[in-house]
Amino acid sequence: MATNLSPELLIVMAAGATAEQTEHVVARLQEVGVDARVSRGREATVIGAIGERELLATLPLEAYPGVEQVLPILKPYKLVAREISPDPTVIEARGRKIGDGWFGLIAGPCAVESSEQTLETARAVAAAGGTMLRGGAFKPRTSPYAFQGLGVEALAILREAREETGLPIVTELLDPRQLDEVAEVADVIQIGARNMQNFLLLAEIGRVDLPVLLKRGASASVEELLMAAEYVAKEGNERIILCERGIRTFERTTRYTLDLGSVAVLKNETHLPVIVDPSHAAGRADLVLPLARAAAAVGADGIIVEVHPRPEEALCDGPQQIPASEFGQFARDIEAIVALMGRTIG
Ligand code: PEP
Ligand code: MN
């Protein structure tokens, strides 16, 4: 009888375990009121057991046929932990992929400002072989007097851009009341840095059948980011892309401080894809390429970059947006590092 188990466990099935043996373990867990999540990897099948210590302790799991090992998880995050999923998670939208061997090159304007501005950018992103098109419809601005985004009008423009280019759309959801409208157009829903710990929004997005791009809060720790992802996963949506976008430090030469160390840590800690936003971290267009290269080299699964046909006219984040006319060269420069890392743009 296993008596010294911690509240959450990983049950690793033996290489030769049968599907029936796995199902038997799951059924026994469920009978005692424990939630079981099965991950079938190339190497092994792992069952994550989420429930009370007392309930788990009633099951002699090590003795079940096909069970190789029972491991307690001591970390506060479970569903997003690397241990629970033997293979890295790959996020797919309209046939484009991010994670594992696929490097996501997401690009587009900070905000959708007009149909022409968005389509011009979308064409440049598509021509350069970008993976997805980004563009804010609802913008979280520090000042209530600043441009707040075109809202639903922008969603229609994004839809038009996808129809023309085939690029999947990444756009931010600010308010759960706009979920249905945003989900109708978005292929990936972005949760911005300012909302990383908006737990009601996270739970809401956890019930949606769309991938989520979750940005790290400017003052959030890596563990807090993983716990925010856990909120989404707990509701059933495990299609999550994490994004390092710079944190607030004493340094003033860049807008934020890009924490590339966090990317290396996250790659160890979670099976979820991890991407980098060099645009908001740098705050200056001239630093975006070197930071993006570093992101690819450190092992990030992609980047999200701001691009505008005429950055000097941008209504939001002009100084950091790459001119659309330069994006083709930018993409080729990134592709060289991506290839060195043994990956392909998704
Ligand atoms: C954005 O990507 O448009 C954005 C507002 O970024 P962040 O939430 O990282 O500030
Ligand atoms: Mn921006």
# chains A, B, ... in the order shown; residues from 1 in each chain; ligands from 1
call {"tool": "residues_near_ligand", "arguments": {"ligand": "ligand 1", "cutoff": "8 Å", "atoms": "only C-alpha atoms and all ligand atoms", "output": "ChimeraX atom specification"}}
result
/A:110-111,135-136,139-141,172,190-195,215-218,245-246,277,280,304
call {"tool": "write_last_selection", "arguments": {"atoms": "N, CA, C and O atoms", "output": "PDB file, in the first residue's frame"}}
result
ATOM      1  N   CYS A 110       1.339  46.237 -34.548  1.00  0.00           N
ATOM      2  CA  CYS A 110       0.928  46.298 -33.143  1.00  0.00           C
ATOM      3  C   CYS A 110      -0.588  46.334 -33.114  1.00  0.00           C
ATOM      4  O   CYS A 110      -1.220  45.485 -32.512  1.00  0.00           O
ATOM      5  N   ALA A 111      -1.150  47.327 -33.834  1.00  0.00           N
ATOM      6  CA  ALA A 111      -2.609  47.473 -33.870  1.00  0.00           C
ATOM      7  C   ALA A 111      -3.086  47.494 -35.321  1.00  0.00           C
ATOM      8  O   ALA A 111      -2.387  48.001 -36.207  1.00  0.00           O
ATOM      9  N   GLY A 135      -2.055  41.132 -34.869  1.00  0.00           N
ATOM     10  CA  GLY A 135      -2.631  42.460 -35.032  1.00  0.00           C
ATOM     11  C   GLY A 135      -3.653  42.682 -33.940  1.00  0.00           C
ATOM     12  O   GLY A 135      -4.552  41.863 -33.737  1.00  0.00           O
ATOM     13  N   GLY A 136      -3.488  43.790 -33.208  1.00  0.00           N
ATOM     14  CA  GLY A 136      -4.383  44.070 -32.091  1.00  0.00           C
ATOM     15  C   GLY A 136      -5.655  44.771 -32.557  1.00  0.00           C
ATOM     16  O   GLY A 136      -5.596  45.780 -33.279  1.00  0.00           O
ATOM     17  N   LYS A 139      -6.699  47.189 -27.829  1.00  0.00           N
ATOM     18  CA  LYS A 139      -5.348  47.462 -27.341  1.00  0.00           C
ATOM     19  C   LYS A 139      -5.355  47.858 -25.864  1.00  0.00           C
ATOM     20  O   LYS A 139      -6.084  48.762 -25.463  1.00  0.00           O
ATOM     21  N   PRO A 140      -4.513  47.207 -25.064  1.00  0.00           N
ATOM     22  CA  PRO A 140      -4.392  47.595 -23.653  1.00  0.00           C
ATOM     23  C   PRO A 140      -3.397  48.745 -23.538  1.00  0.00           C
ATOM     24  O   PRO A 140      -2.196  48.537 -23.583  1.00  0.00           O
ATOM     25  N   ARG A 141      -3.863  49.990 -23.443  1.00  0.00           N
ATOM     26  CA  ARG A 141      -2.964  51.133 -23.427  1.00  0.00           C
ATOM     27  C   ARG A 141      -2.806  51.712 -22.025  1.00  0.00           C
ATOM     28  O   ARG A 141      -3.766  51.745 -21.247  1.00  0.00           O
ATOM     29  N   GLU A 172      -5.450  39.832 -29.608  1.00  0.00           N
ATOM     30  CA  GLU A 172      -5.591  39.849 -28.141  1.00  0.00           C
ATOM     31  C   GLU A 172      -7.047  39.967 -27.689  1.00  0.00           C
ATOM     32  O   GLU A 172      -7.832  40.722 -28.254  1.00  0.00           O
ATOM     33  N   GLN A 190      -4.617  35.854 -28.013  1.00  0.00           N
ATOM     34  CA  GLN A 190      -3.518  36.361 -27.194  1.00  0.00           C
ATOM     35  C   GLN A 190      -4.054  36.889 -25.872  1.00  0.00           C
ATOM     36  O   GLN A 190      -5.055  37.596 -25.840  1.00  0.00           O
ATOM     37  N   ILE A 191      -3.368  36.518 -24.793  1.00  0.00           N
ATOM     38  CA  ILE A 191      -3.629  37.142 -23.487  1.00  0.00           C
ATOM     39  C   ILE A 191      -2.392  37.983 -23.196  1.00  0.00           C
ATOM     40  O   ILE A 191      -1.269  37.464 -23.132  1.00  0.00           O
ATOM     41  N   GLY A 192      -2.580  39.276 -23.055  1.00  0.00           N
ATOM     42  CA  GLY A 192      -1.455  40.200 -22.949  1.00  0.00           C
ATOM     43  C   GLY A 192      -0.808  40.180 -21.577  1.00  0.00           C
ATOM     44  O   GLY A 192      -1.357  39.641 -20.603  1.00  0.00           O
ATOM     45  N   ALA A 193       0.387  40.801 -21.536  1.00  0.00           N
ATOM     46  CA  ALA A 193       1.174  40.848 -20.306  1.00  0.00           C
ATOM     47  C   ALA A 193       0.356  41.411 -19.139  1.00  0.00           C
ATOM     48  O   ALA A 193       0.436  40.916 -18.009  1.00  0.00           O
ATOM     49  N   ARG A 194      -0.449  42.430 -19.436  1.00  0.00           N
ATOM     50  CA  ARG A 194      -1.212  43.082 -18.363  1.00  0.00           C
ATOM     51  C   ARG A 194      -2.308  42.192 -17.803  1.00  0.00           C
ATOM     52  O   ARG A 194      -2.841  42.453 -16.732  1.00  0.00           O
ATOM     53  N   ASN A 195      -2.689  41.186 -18.533  1.00  0.00           N
ATOM     54  CA  ASN A 195      -3.762  40.291 -18.087  1.00  0.00           C
ATOM     55  C   ASN A 195      -3.266  38.907 -17.675  1.00  0.00           C
ATOM     56  O   ASN A 195      -4.072  38.012 -17.458  1.00  0.00           O
ATOM     57  N   LYS A 215       1.194  35.820 -22.667  1.00  0.00           N
ATOM     58  CA  LYS A 215       2.406  36.621 -22.486  1.00  0.00           C
ATOM     59  C   LYS A 215       2.743  36.777 -21.003  1.00  0.00           C
ATOM     60  O   LYS A 215       1.846  36.908 -20.164  1.00  0.00           O
ATOM     61  N   ARG A 216       4.027  36.780 -20.733  1.00  0.00           N
ATOM     62  CA  ARG A 216       4.491  36.943 -19.351  1.00  0.00           C
ATOM     63  C   ARG A 216       4.258  38.376 -18.891  1.00  0.00           C
ATOM     64  O   ARG A 216       4.575  39.324 -19.620  1.00  0.00           O
ATOM     65  N   GLY A 217       3.728  38.535 -17.700  1.00  0.00           N
ATOM     66  CA  GLY A 217       3.562  39.869 -17.140  1.00  0.00           C
ATOM     67  C   GLY A 217       4.923  40.535 -16.956  1.00  0.00           C
ATOM     68  O   GLY A 217       5.924  39.857 -16.706  1.00  0.00           O
ATOM     69  N   ALA A 218       4.967  41.854 -17.068  1.00  0.00           N
ATOM     70  CA  ALA A 218       6.241  42.571 -17.000  1.00  0.00           C
ATOM     71  C   ALA A 218       6.921  42.409 -15.640  1.00  0.00           C
ATOM     72  O   ALA A 218       8.133  42.591 -15.517  1.00  0.00           O
ATOM     73  N   ARG A 245       8.345  38.443 -23.038  1.00  0.00           N
ATOM     74  CA  ARG A 245       8.262  39.715 -23.766  1.00  0.00           C
ATOM     75  C   ARG A 245       9.014  40.836 -23.047  1.00  0.00           C
ATOM     76  O   ARG A 245       8.802  42.007 -23.314  1.00  0.00           O
ATOM     77  N   GLY A 246       9.911  40.447 -22.130  1.00  0.00           N
ATOM     78  CA  GLY A 246      10.683  41.456 -21.410  1.00  0.00           C
ATOM     79  C   GLY A 246      10.053  41.753 -20.072  1.00  0.00           C
ATOM     80  O   GLY A 246       8.834  41.747 -19.926  1.00  0.00           O
ATOM     81  N   ASP A 277       8.997  37.761 -27.681  1.00  0.00           N
ATOM     82  CA  ASP A 277       8.585  39.002 -28.336  1.00  0.00           C
ATOM     83  C   ASP A 277       9.730  40.009 -28.190  1.00  0.00           C
ATOM     84  O   ASP A 277       9.851  40.674 -27.163  1.00  0.00           O
ATOM     85  N   HIS A 280       8.467  44.290 -28.109  1.00  0.00           N
ATOM     86  CA  HIS A 280       8.106  45.005 -26.882  1.00  0.00           C
ATOM     87  C   HIS A 280       9.272  45.044 -25.903  1.00  0.00           C
ATOM     88  O   HIS A 280       9.409  45.988 -25.140  1.00  0.00           O
ATOM     89  N   ILE A 304       7.452  36.658 -31.954  1.00  0.00           N
ATOM     90  CA  ILE A 304       6.315  37.470 -32.397  1.00  0.00           C
ATOM     91  C   ILE A 304       6.839  38.893 -32.540  1.00  0.00           C
ATOM     92  O   ILE A 304       7.371  39.466 -31.588  1.00  0.00           O
TER      93      ILE A 304
END
call {"tool": "residues_around", "arguments": {"residues": "range 329-340 of chain A", "least_positions_apart": "2", "cutoff": "10 Å", "atoms": "only C-alpha atoms", "output": "ChimeraX atom specification"}}
result
/A:101-105,107,125,127-130,288-290,292-297,299-303,322,324-327,342-345
call {"tool": "residues_around", "arguments": {"residues": "Gly33 in chain A", "least_positions_apart": "2", "cutoff": "9 Å", "atoms": "only C-alpha atoms", "output": "number ranges by chain"}}
result
A: 28-31, 35, 51-52, 55
call {"tool": "residues_around", "arguments": {"residues": "range 183-185 of chain A", "least_positions_apart": "5", "cutoff": "8 Å", "atoms": "only C-alpha atoms", "output": "MDAnalysis selection string"}}
result
chainID A and resid 155:156 158:159 169 210
call {"tool": "residues_around", "arguments": {"residues": "range 265-269 of chain A", "least_positions_apart": "4", "cutoff": "9 Å", "atoms": "only C-alpha atoms", "output": "number ranges by chain"}}
result
A: 80-83, 222, 226, 242, 260-261, 273-274, 299-300
call {"tool": "residues_around", "arguments": {"residues": "Arg94 in chain A", "least_positions_apart": "6", "cutoff": "12 Å", "atoms": "only C-alpha atoms", "output": "PyMOL selection string"}}
result
chain A and resi 131-132+162-163+165-170+186-188+210-211+346
call {"tool": "atom_distance", "arguments": {"atom1": "CA of Ser279 in chain A", "atom2": "CA of Arg255 in chain A"}}
result
9.2 Å
call {"tool": "select_by_dssp", "arguments": {"residues": "range 76-304 of chain A", "states": "strand (DSSP E)", "output": "number ranges by chain"}}
result
A: 91-93, 96-98, 102-108, 132-134, 169-172, 188-191, 212-215, 240-244, 274-276, 302-304
call {"tool": "write_last_selection", "arguments": {"atoms": "N, CA, C and O atoms", "output": "compact mmCIF listing (two decimals), in the first residue's frame"}}
result
# COMPACT_ATOMS: atom_id res chain seq x y z
N ILE A 91 1.64 23.32 -31.31
CA ILE A 91 0.38 24.04 -31.52
C ILE A 91 0.17 24.20 -33.01
O ILE A 91 1.06 24.66 -33.74
N GLU A 92 -1.03 23.85 -33.45
CA GLU A 92 -1.32 23.92 -34.88
C GLU A 92 -2.53 24.82 -35.12
O GLU A 92 -3.50 24.77 -34.37
N ALA A 93 -2.42 25.67 -36.12
CA ALA A 93 -3.57 26.49 -36.52
C ALA A 93 -3.55 26.59 -38.04
O ALA A 93 -2.55 27.03 -38.61
N ARG A 96 -0.46 25.54 -39.83
CA ARG A 96 0.82 26.11 -39.44
C ARG A 96 1.15 25.61 -38.04
O ARG A 96 0.25 25.48 -37.21
N LYS A 97 2.46 25.36 -37.79
CA LYS A 97 2.82 24.71 -36.52
C LYS A 97 3.86 25.49 -35.73
O LYS A 97 4.76 26.10 -36.31
N ILE A 98 3.75 25.40 -34.41
CA ILE A 98 4.74 25.99 -33.50
C ILE A 98 5.05 24.99 -32.40
O ILE A 98 4.14 24.48 -31.74
N TRP A 102 9.25 22.90 -35.11
CA TRP A 102 8.64 23.99 -35.86
C TRP A 102 8.84 25.32 -35.15
O TRP A 102 8.40 25.48 -34.01
N PHE A 103 9.47 26.26 -35.82
CA PHE A 103 9.72 27.59 -35.26
C PHE A 103 8.65 28.53 -35.80
O PHE A 103 8.48 28.67 -37.02
N GLY A 104 7.93 29.18 -34.89
CA GLY A 104 6.86 30.08 -35.32
C GLY A 104 7.37 31.49 -35.57
O GLY A 104 7.99 32.10 -34.71
N LEU A 105 7.12 31.99 -36.77
CA LEU A 105 7.48 33.37 -37.10
C LEU A 105 6.17 34.14 -37.21
O LEU A 105 5.51 34.14 -38.26
N ILE A 106 5.77 34.74 -36.09
CA ILE A 106 4.50 35.49 -36.05
C ILE A 106 4.85 36.97 -36.22
O ILE A 106 5.74 37.47 -35.54
N ALA A 107 4.17 37.63 -37.13
CA ALA A 107 4.49 39.04 -37.37
C ALA A 107 3.24 39.79 -37.81
O ALA A 107 2.29 39.20 -38.32
N GLY A 108 3.29 41.10 -37.61
CA GLY A 108 2.17 41.95 -38.01
C GLY A 108 2.18 43.22 -37.20
O GLY A 108 3.02 43.41 -36.32
N MET A 132 2.23 33.14 -38.90
CA MET A 132 0.91 33.69 -38.53
C MET A 132 0.98 35.21 -38.59
O MET A 132 2.07 35.80 -38.51
N LEU A 133 -0.20 35.83 -38.68
CA LEU A 133 -0.31 37.29 -38.68
C LEU A 133 -0.82 37.75 -37.32
O LEU A 133 -1.83 37.26 -36.83
N ARG A 134 -0.09 38.69 -36.70
CA ARG A 134 -0.57 39.29 -35.46
C ARG A 134 -1.21 40.64 -35.78
O ARG A 134 -0.91 41.25 -36.80
N ILE A 169 -4.66 34.01 -37.75
CA ILE A 169 -4.69 35.30 -37.05
C ILE A 169 -4.46 35.13 -35.55
O ILE A 169 -5.10 34.31 -34.89
N VAL A 170 -3.53 35.95 -35.02
CA VAL A 170 -3.31 36.03 -33.57
C VAL A 170 -3.79 37.41 -33.14
O VAL A 170 -3.29 38.42 -33.64
N THR A 171 -4.75 37.46 -32.21
CA THR A 171 -5.21 38.76 -31.75
C THR A 171 -5.59 38.69 -30.27
O THR A 171 -5.96 37.63 -29.77
N GLU A 172 -5.45 39.83 -29.61
CA GLU A 172 -5.59 39.85 -28.14
C GLU A 172 -7.05 39.97 -27.69
O GLU A 172 -7.83 40.72 -28.25
N VAL A 188 -5.63 32.08 -32.98
CA VAL A 188 -4.93 31.98 -31.70
C VAL A 188 -5.33 33.22 -30.90
O VAL A 188 -5.26 34.34 -31.41
N ILE A 189 -5.76 33.03 -29.66
CA ILE A 189 -6.15 34.18 -28.83
C ILE A 189 -4.98 34.58 -27.94
O ILE A 189 -4.41 33.75 -27.23
N GLN A 190 -4.62 35.85 -28.01
CA GLN A 190 -3.52 36.36 -27.19
C GLN A 190 -4.05 36.89 -25.87
O GLN A 190 -5.06 37.60 -25.84
N ILE A 191 -3.37 36.52 -24.79
CA ILE A 191 -3.63 37.14 -23.49
C ILE A 191 -2.39 37.98 -23.20
O ILE A 191 -1.27 37.46 -23.13
N VAL A 212 -4.00 29.39 -27.26
CA VAL A 212 -3.82 30.63 -26.52
C VAL A 212 -2.35 31.03 -26.54
O VAL A 212 -1.48 30.17 -26.35
N LEU A 213 -2.09 32.30 -26.78
CA LEU A 213 -0.72 32.82 -26.66
C LEU A 213 -0.69 33.64 -25.37
O LEU A 213 -1.33 34.69 -25.29
N LEU A 214 -0.02 33.13 -24.36
CA LEU A 214 -0.03 33.75 -23.04
C LEU A 214 1.28 34.49 -22.80
O LEU A 214 2.35 33.87 -22.72
N LYS A 215 1.19 35.82 -22.67
CA LYS A 215 2.41 36.62 -22.49
C LYS A 215 2.74 36.78 -21.00
O LYS A 215 1.85 36.91 -20.16
N ILE A 240 -1.44 25.88 -25.35
CA ILE A 240 -0.95 27.17 -24.85
C ILE A 240 0.48 27.41 -25.36
O ILE A 240 1.32 26.51 -25.30
N ILE A 241 0.69 28.62 -25.86
CA ILE A 241 2.05 29.06 -26.24
C ILE A 241 2.45 30.10 -25.20
O ILE A 241 1.71 31.06 -24.97
N LEU A 242 3.59 29.93 -24.57
CA LEU A 242 4.07 30.92 -23.60
C LEU A 242 4.94 31.94 -24.32
O LEU A 242 5.61 31.60 -25.31
N CYS A 243 4.94 33.17 -23.82
CA CYS A 243 5.73 34.22 -24.50
C CYS A 243 6.49 35.09 -23.50
O CYS A 243 5.88 35.75 -22.66
N GLU A 244 7.80 35.08 -23.64
CA GLU A 244 8.67 36.02 -22.89
C GLU A 244 8.72 37.32 -23.70
O GLU A 244 9.07 37.30 -24.88
N VAL A 274 7.51 27.80 -26.23
CA VAL A 274 7.89 29.08 -25.63
C VAL A 274 8.39 30.00 -26.74
O VAL A 274 9.33 29.64 -27.46
N ILE A 275 7.76 31.15 -26.90
CA ILE A 275 8.23 32.08 -27.92
C ILE A 275 8.69 33.39 -27.26
O ILE A 275 8.49 33.59 -26.06
N VAL A 276 9.30 34.25 -28.07
CA VAL A 276 9.87 35.50 -27.55
C VAL A 276 9.31 36.68 -28.37
O VAL A 276 9.17 36.58 -29.59
N GLY A 302 9.81 30.18 -31.27
CA GLY A 302 9.28 31.15 -32.22
C GLY A 302 9.48 32.56 -31.71
O GLY A 302 10.00 32.77 -30.61
N ILE A 303 9.07 33.51 -32.56
CA ILE A 303 9.10 34.91 -32.15
C ILE A 303 7.80 35.57 -32.63
O ILE A 303 7.17 35.09 -33.57
N ILE A 304 7.45 36.66 -31.95
CA ILE A 304 6.32 37.47 -32.40
C ILE A 304 6.84 38.89 -32.54
O ILE A 304 7.37 39.47 -31.59
call {"tool": "atom_distance", "arguments": {"atom1": "CA of Tyr256 in chain A", "atom2": "CA of Thr89 in chain A"}}
result
28.1 Å
call {"tool": "closest_residue", "arguments": {"among": "A:Ala17, A:Ala285, A:Leu291, A:Ala49", "to": "ligand 2", "atoms": "only C-alpha atoms and all ligand atoms"}}
result
A:Ala285
